[in-house]
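Notes for the one structure printed next.
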Amino acid sequence: MVKEKHDMELRPNPRTGRYRLISANWKMNFNHLEAIQATQKLSFVLRPADYSYTEISIHPPFTDLRPLQLLIDSDRMRFSLGAQNCHFEPHGAFTGEVSAPMLSRLNVTYVIVGHSERRQHFFETDDIVRAKVEAVFHSQMTPIICVGETFDERQRGETERILQTQVDSAVSFLSPELAERCVVAYEPVWAIGRGASANPDDAQQGAATVRSVFESRWGKAVASKVRIQYGGSVNPANAADFMQLDDVDGLLVGTAALDPESFARIIQA
Ligand code: 13P
């Protein structure tokens, strides 16, 4: 059984029936004291109604997970705890790595898998991403599977093929019950951390391609349950444009999520 942490008051999007999910990927920022401060500030600036429309997950560095777990639990904050990565083995001689069961014990709900920065700087292949998806589900958590084309791949007209390959490789082995629980983040690599997002048409097209992979393997019923996020230079001014798209159910936010006030404005958009 995958842990379901949907807030009782959380309402699905009436248009799609899917729960919206907006996630803060802090990347390698904030020590544990800064993480506590940022989370307290976010909780302070959000209004109760903000939690009714969107599930909010916070993905800090590993060293911040335990303090944030305690903070969220003790103050009954309505945030889901997320991680940015995990190893695919449950334990063993893998110096410096953190496993999915360790994260699960910290009440982590979502684990980002296959972020483009990990594919690029840490040489994560589609096979490794697939193994991590399996490990995350095995520990009753939900993967946020990141996919996206580079600038050169887009220039060469390969966007659709790249997305299909990355998604299919990451999920093809799943049962329909697990497939429909996946979260996929479409993050065009060229739009990450640059202040220039994709335009909404491109984001919709990428998200629709992701959904079509699920549809061709498992049919419409499964595909219509998969949640898809857009990521890449999301900010308070453009967030609403992405959230209105047919196939986009949420956002994966980097830079703008480091400022609790701007992240709150994204949630409220
Ligand atoms: P930015 O929001 O800084 O572009 O980062 C996006 C991202 O990589 C989230 O995972």
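We name chains A, B, ... following the order of the structure tokens; residues begin at 1 in each chain, and ligands are numbered from 1 as shown.
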
Throw together the list of residues within 6 Å of ligand 1, counting only C-alpha atoms and all ligand atoms, and drop it here as a PyMOL selection string. chain A and resi 25+192-193+231-234+252-256

How close does region 4-79 of chain A get to region 235-242 of chain A? List, as a Markdown table, each residue of region 4-79 of chain A within 12 Å, its nearest atom pair and the distance in Å to one decimal, counting only C-alpha atoms.
| residue | atom | partner | partner_atom | distance |
| --- | --- | --- | --- | --- |
| A:Arg20 | CA | A:Phe242 | CA | 11.9 |
| A:Ile22 | CA | A:Ala239 | CA | 10.2 |
| A:Ala24 | CA | A:Asn235 | CA | 11.7 |

Just the residues within 7 Å of Ser99 (chain A), please, counting only C-alpha atoms, with nothing from its chain fewer than 2 positions along; format it as a PDB file with C-alpha atoms, in the first residue's frame.
ATOM      1  CA  CYS A  86      17.481   8.104  -2.958  1.00  0.00           C
ATOM      2  CA  HIS A  87      19.594   5.066  -3.742  1.00  0.00           C
ATOM      3  CA  PHE A  88      17.911   2.101  -5.399  1.00  0.00           C
ATOM      4  CA  GLU A  89      19.253  -0.511  -2.963  1.00  0.00           C
ATOM      5  CA  PRO A  90      17.642  -0.756   0.492  1.00  0.00           C
ATOM      6  CA  HIS A  91      20.999  -0.970   2.328  1.00  0.00           C
ATOM      7  CA  GLU A  97      24.050   7.155  -0.143  1.00  0.00           C
ATOM      8  CA  PRO A 101      13.445   2.684   3.530  1.00  0.00           C
ATOM      9  CA  MET A 102      15.419   5.309   5.488  1.00  0.00           C
ATOM     10  CA  LEU A 103      13.317   8.059   3.917  1.00  0.00           C
TER      11      LEU A 103
END

Please report, as a PyMOL selection string, each residue of region 83-246 of chain A to which DSSP assigns helix (DSSP H, G or I) when run on this structure's backbone. chain A and resi 100-105+116-121+126-138+151-155+159-171+176-179+189-191+200-218+220-223+239-243

Separation of CA of Glu160 (chain A) from CA of Ala223 (chain A), in Å and rounded to one decimal: 17.1 Å

Can you tell me, as JSON, numbers by chain, what residues are no more than 10 Å from Ser104 (chain A) when counting only C-alpha atoms, ignoring any on the same chain fewer than 2 positions away? {"A": [3, 82, 83, 99, 100, 101, 102, 106, 107, 108, 109, 110, 111, 136, 138, 139, 140, 141]}

How about saving the chosen residues, all heavy atoms kept, as a tab-separated table (two decimals), in the first residue's frame?
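This is the output file out-v6.tsv:
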chain	number	residue	atom	x	y	z
A	3	LYS	N	1.57	5.01	0.84
A	3	LYS	CA	1.06	5.94	1.82
A	3	LYS	C	0.27	7.04	1.14
A	3	LYS	O	0.74	7.67	0.21
A	3	LYS	CB	2.23	6.61	2.55
A	3	LYS	CG	2.63	5.94	3.81
A	3	LYS	CD	3.74	6.74	4.49
A	3	LYS	CE	5.09	6.39	3.92
A	3	LYS	NZ	6.22	7.05	4.54
A	82	GLY	N	9.14	15.69	1.41
A	82	GLY	CA	9.67	15.04	0.22
A	82	GLY	C	11.19	14.99	0.26
A	82	GLY	O	11.83	15.73	1.00
A	83	ALA	N	11.76	14.06	-0.51
A	83	ALA	CA	13.21	14.00	-0.65
A	83	ALA	C	13.57	14.31	-2.10
A	83	ALA	O	12.70	14.34	-2.98
A	83	ALA	CB	13.72	12.62	-0.25
A	99	SER	N	18.94	5.44	1.52
A	99	SER	CA	18.02	4.50	0.86
A	99	SER	C	16.56	4.91	1.04
A	99	SER	O	16.21	5.70	1.93
A	99	SER	CB	18.22	3.09	1.41
A	99	SER	OG	17.66	3.00	2.71
A	100	ALA	N	15.71	4.31	0.22
A	100	ALA	CA	14.27	4.58	0.30
A	100	ALA	C	13.67	4.18	1.65
A	100	ALA	O	12.90	4.95	2.23
A	100	ALA	CB	13.55	3.89	-0.86
A	101	PRO	N	14.01	3.00	2.21
A	101	PRO	CA	13.44	2.68	3.53
A	101	PRO	C	13.82	3.70	4.60
A	101	PRO	O	13.02	3.97	5.51
A	101	PRO	CB	14.05	1.30	3.84
A	101	PRO	CG	14.40	0.72	2.51
A	101	PRO	CD	14.76	1.87	1.64
A	102	MET	N	15.02	4.29	4.50
A	102	MET	CA	15.42	5.31	5.49
A	102	MET	C	14.51	6.53	5.37
A	102	MET	O	14.12	7.14	6.36
A	102	MET	CB	16.88	5.73	5.25
A	102	MET	CG	17.89	4.65	5.51
A	102	MET	SD	19.52	5.18	4.91
A	102	MET	CE	20.45	3.69	5.20
A	106	LEU	N	11.19	8.37	7.88
A	106	LEU	CA	11.08	9.78	8.26
A	106	LEU	C	9.75	10.38	7.80
A	106	LEU	O	9.61	11.60	7.73
A	106	LEU	CB	12.25	10.57	7.64
A	106	LEU	CG	13.62	10.33	8.26
A	106	LEU	CD1	14.71	10.91	7.36
A	106	LEU	CD2	13.70	10.97	9.64
A	107	ASN	N	8.81	9.53	7.43
A	107	ASN	CA	7.51	10.00	6.94
A	107	ASN	C	7.61	10.78	5.64
A	107	ASN	O	6.81	11.69	5.39
A	107	ASN	CB	6.78	10.86	7.98
A	107	ASN	CG	6.21	10.01	9.08
A	107	ASN	OD1	6.18	8.78	8.95
A	107	ASN	ND2	5.79	10.65	10.16
A	108	VAL	N	8.61	10.48	4.86
A	108	VAL	CA	8.69	11.10	3.53
A	108	VAL	C	7.58	10.50	2.66
A	108	VAL	O	7.36	9.28	2.66
A	108	VAL	CB	10.08	10.85	2.90
A	108	VAL	CG1	10.08	11.15	1.41
A	108	VAL	CG2	11.13	11.71	3.62
A	109	THR	N	6.87	11.36	1.94
A	109	THR	CA	5.78	10.90	1.08
A	109	THR	C	6.21	10.83	-0.38
A	109	THR	O	5.84	9.90	-1.09
A	109	THR	CB	4.58	11.87	1.21
A	109	THR	OG1	4.25	12.03	2.59
A	109	THR	CG2	3.36	11.34	0.47
A	110	TYR	N	6.95	11.84	-0.83
A	110	TYR	CA	7.35	11.92	-2.24
A	110	TYR	C	8.87	11.94	-2.37
A	110	TYR	O	9.55	12.62	-1.59
A	110	TYR	CB	6.82	13.21	-2.88
A	110	TYR	CG	5.31	13.27	-2.95
A	110	TYR	CD1	4.58	14.00	-2.01
A	110	TYR	CD2	4.61	12.59	-3.94
A	110	TYR	CE1	3.19	14.05	-2.06
A	110	TYR	CE2	3.23	12.64	-4.00
A	110	TYR	CZ	2.52	13.37	-3.06
A	110	TYR	OH	1.14	13.42	-3.12
A	111	VAL	N	9.38	11.25	-3.37
A	111	VAL	CA	10.82	11.30	-3.64
A	111	VAL	C	11.03	11.70	-5.10
A	111	VAL	O	10.51	11.04	-6.02
A	111	VAL	CB	11.51	9.94	-3.39
A	111	VAL	CG1	13.02	10.07	-3.61
A	111	VAL	CG2	11.21	9.43	-1.99
A	136	VAL	N	11.33	3.34	-4.57
A	136	VAL	CA	10.45	4.30	-3.89
A	136	VAL	C	9.08	3.67	-3.65
A	136	VAL	O	8.53	3.73	-2.54
A	136	VAL	CB	10.34	5.60	-4.72
A	136	VAL	CG1	9.22	6.50	-4.19
A	136	VAL	CG2	11.66	6.36	-4.71
A	138	HIS	N	8.43	0.52	-3.53
A	138	HIS	CA	8.62	-0.61	-2.61
A	138	HIS	C	8.59	-0.15	-1.16
A	138	HIS	O	8.21	-0.89	-0.26
A	138	HIS	CB	9.94	-1.32	-2.95
A	138	HIS	CG	10.02	-2.70	-2.39
A	138	HIS	ND1	10.80	-3.02	-1.31
A	138	HIS	CD2	9.40	-3.84	-2.75
A	138	HIS	CE1	10.66	-4.30	-1.02
A	138	HIS	NE2	9.81	-4.82	-1.89
A	139	SER	N	9.00	1.09	-0.93
A	139	SER	CA	8.97	1.64	0.43
A	139	SER	C	7.72	2.47	0.68
A	139	SER	O	7.73	3.37	1.54
A	139	SER	CB	10.23	2.47	0.68
A	139	SER	OG	11.34	1.62	0.84
A	140	GLN	N	6.68	2.22	-0.09
A	140	GLN	CA	5.37	2.86	0.13
A	140	GLN	C	5.39	4.38	-0.02
A	140	GLN	O	4.60	5.09	0.61
A	140	GLN	CB	4.79	2.50	1.51
A	140	GLN	CG	4.32	1.06	1.65
A	140	GLN	CD	5.47	0.09	1.86
A	140	GLN	OE1	6.34	0.34	2.68
A	140	GLN	NE2	5.46	-0.99	1.12
A	141	MET	N	6.32	4.89	-0.83
A	141	MET	CA	6.31	6.33	-1.11
A	141	MET	C	5.95	6.52	-2.59
A	141	MET	O	5.76	5.55	-3.32
A	141	MET	CB	7.69	6.93	-0.81
A	141	MET	CG	8.09	6.77	0.66
A	141	MET	SD	9.74	7.42	1.00
A	141	MET	CE	10.79	6.27	0.11

Run DSSP on the backbone and tell me which residues of region 90-179 of chain A come out as strand (DSSP E or B); list them as JSON, numbers by chain. {"A": [99, 108, 109, 110, 111, 112, 113, 142, 143, 144, 145, 146, 147]}

Write the selection just made, keeping N, CA, C and O atoms, as a PDB file, in the first residue's frame?
ATOM      1  N   SER A  99      18.944   5.439   1.516  1.00  0.00           N
ATOM      2  CA  SER A  99      18.023   4.503   0.858  1.00  0.00           C
ATOM      3  C   SER A  99      16.560   4.913   1.044  1.00  0.00           C
ATOM      4  O   SER A  99      16.212   5.699   1.927  1.00  0.00           O
ATOM      5  N   VAL A 108       8.612  10.476   4.855  1.00  0.00           N
ATOM      6  CA  VAL A 108       8.691  11.097   3.527  1.00  0.00           C
ATOM      7  C   VAL A 108       7.582  10.496   2.656  1.00  0.00           C
ATOM      8  O   VAL A 108       7.363   9.284   2.662  1.00  0.00           O
ATOM      9  N   THR A 109       6.871  11.359   1.944  1.00  0.00           N
ATOM     10  CA  THR A 109       5.776  10.905   1.082  1.00  0.00           C
ATOM     11  C   THR A 109       6.208  10.830  -0.382  1.00  0.00           C
ATOM     12  O   THR A 109       5.839   9.905  -1.094  1.00  0.00           O
ATOM     13  N   TYR A 110       6.952  11.840  -0.825  1.00  0.00           N
ATOM     14  CA  TYR A 110       7.351  11.924  -2.240  1.00  0.00           C
ATOM     15  C   TYR A 110       8.873  11.942  -2.372  1.00  0.00           C
ATOM     16  O   TYR A 110       9.553  12.623  -1.591  1.00  0.00           O
ATOM     17  N   VAL A 111       9.384  11.252  -3.368  1.00  0.00           N
ATOM     18  CA  VAL A 111      10.824  11.304  -3.645  1.00  0.00           C
ATOM     19  C   VAL A 111      11.030  11.695  -5.103  1.00  0.00           C
ATOM     20  O   VAL A 111      10.508  11.038  -6.016  1.00  0.00           O
ATOM     21  N   ILE A 112      11.749  12.780  -5.321  1.00  0.00           N
ATOM     22  CA  ILE A 112      12.103  13.191  -6.684  1.00  0.00           C
ATOM     23  C   ILE A 112      13.114  12.179  -7.227  1.00  0.00           C
ATOM     24  O   ILE A 112      14.077  11.817  -6.552  1.00  0.00           O
ATOM     25  N   VAL A 113      12.867  11.729  -8.439  1.00  0.00           N
ATOM     26  CA  VAL A 113      13.714  10.704  -9.044  1.00  0.00           C
ATOM     27  C   VAL A 113      14.104  11.170 -10.451  1.00  0.00           C
ATOM     28  O   VAL A 113      13.263  11.640 -11.211  1.00  0.00           O
ATOM     29  N   THR A 142       5.845   7.765  -3.003  1.00  0.00           N
ATOM     30  CA  THR A 142       5.471   8.072  -4.389  1.00  0.00           C
ATOM     31  C   THR A 142       6.625   8.788  -5.088  1.00  0.00           C
ATOM     32  O   THR A 142       7.130   9.786  -4.557  1.00  0.00           O
ATOM     33  N   PRO A 143       7.030   8.301  -6.260  1.00  0.00           N
ATOM     34  CA  PRO A 143       8.099   8.997  -6.974  1.00  0.00           C
ATOM     35  C   PRO A 143       7.563  10.201  -7.746  1.00  0.00           C
ATOM     36  O   PRO A 143       6.445  10.165  -8.267  1.00  0.00           O
ATOM     37  N   ILE A 144       8.351  11.250  -7.769  1.00  0.00           N
ATOM     38  CA  ILE A 144       8.116  12.354  -8.714  1.00  0.00           C
ATOM     39  C   ILE A 144       9.203  12.179  -9.774  1.00  0.00           C
ATOM     40  O   ILE A 144      10.380  12.457  -9.536  1.00  0.00           O
ATOM     41  N   ILE A 145       8.803  11.640 -10.913  1.00  0.00           N
ATOM     42  CA  ILE A 145       9.769  11.239 -11.939  1.00  0.00           C
ATOM     43  C   ILE A 145      10.022  12.424 -12.880  1.00  0.00           C
ATOM     44  O   ILE A 145       9.102  12.895 -13.545  1.00  0.00           O
ATOM     45  N   CYS A 146      11.272  12.895 -12.908  1.00  0.00           N
ATOM     46  CA  CYS A 146      11.567  14.070 -13.729  1.00  0.00           C
ATOM     47  C   CYS A 146      12.022  13.654 -15.127  1.00  0.00           C
ATOM     48  O   CYS A 146      12.902  12.791 -15.274  1.00  0.00           O
ATOM     49  N   VAL A 147      11.424  14.288 -16.111  1.00  0.00           N
ATOM     50  CA  VAL A 147      11.796  14.048 -17.504  1.00  0.00           C
ATOM     51  C   VAL A 147      11.878  15.395 -18.219  1.00  0.00           C
ATOM     52  O   VAL A 147      11.255  16.357 -17.792  1.00  0.00           O
TER      53      VAL A 147
END

Measure the distance from CA of Leu33 (chain A) to CA of Glu261 (chain A) in Å and round it to one decimal. 17.9 Å

A:Ile266, A:Ala35, A:Met28, A:Met77: which is nearest Pro48 (chain A), counting only C-alpha atoms?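 That would be A:Met77, the residue with the smallest distance to Pro48 (chain A).
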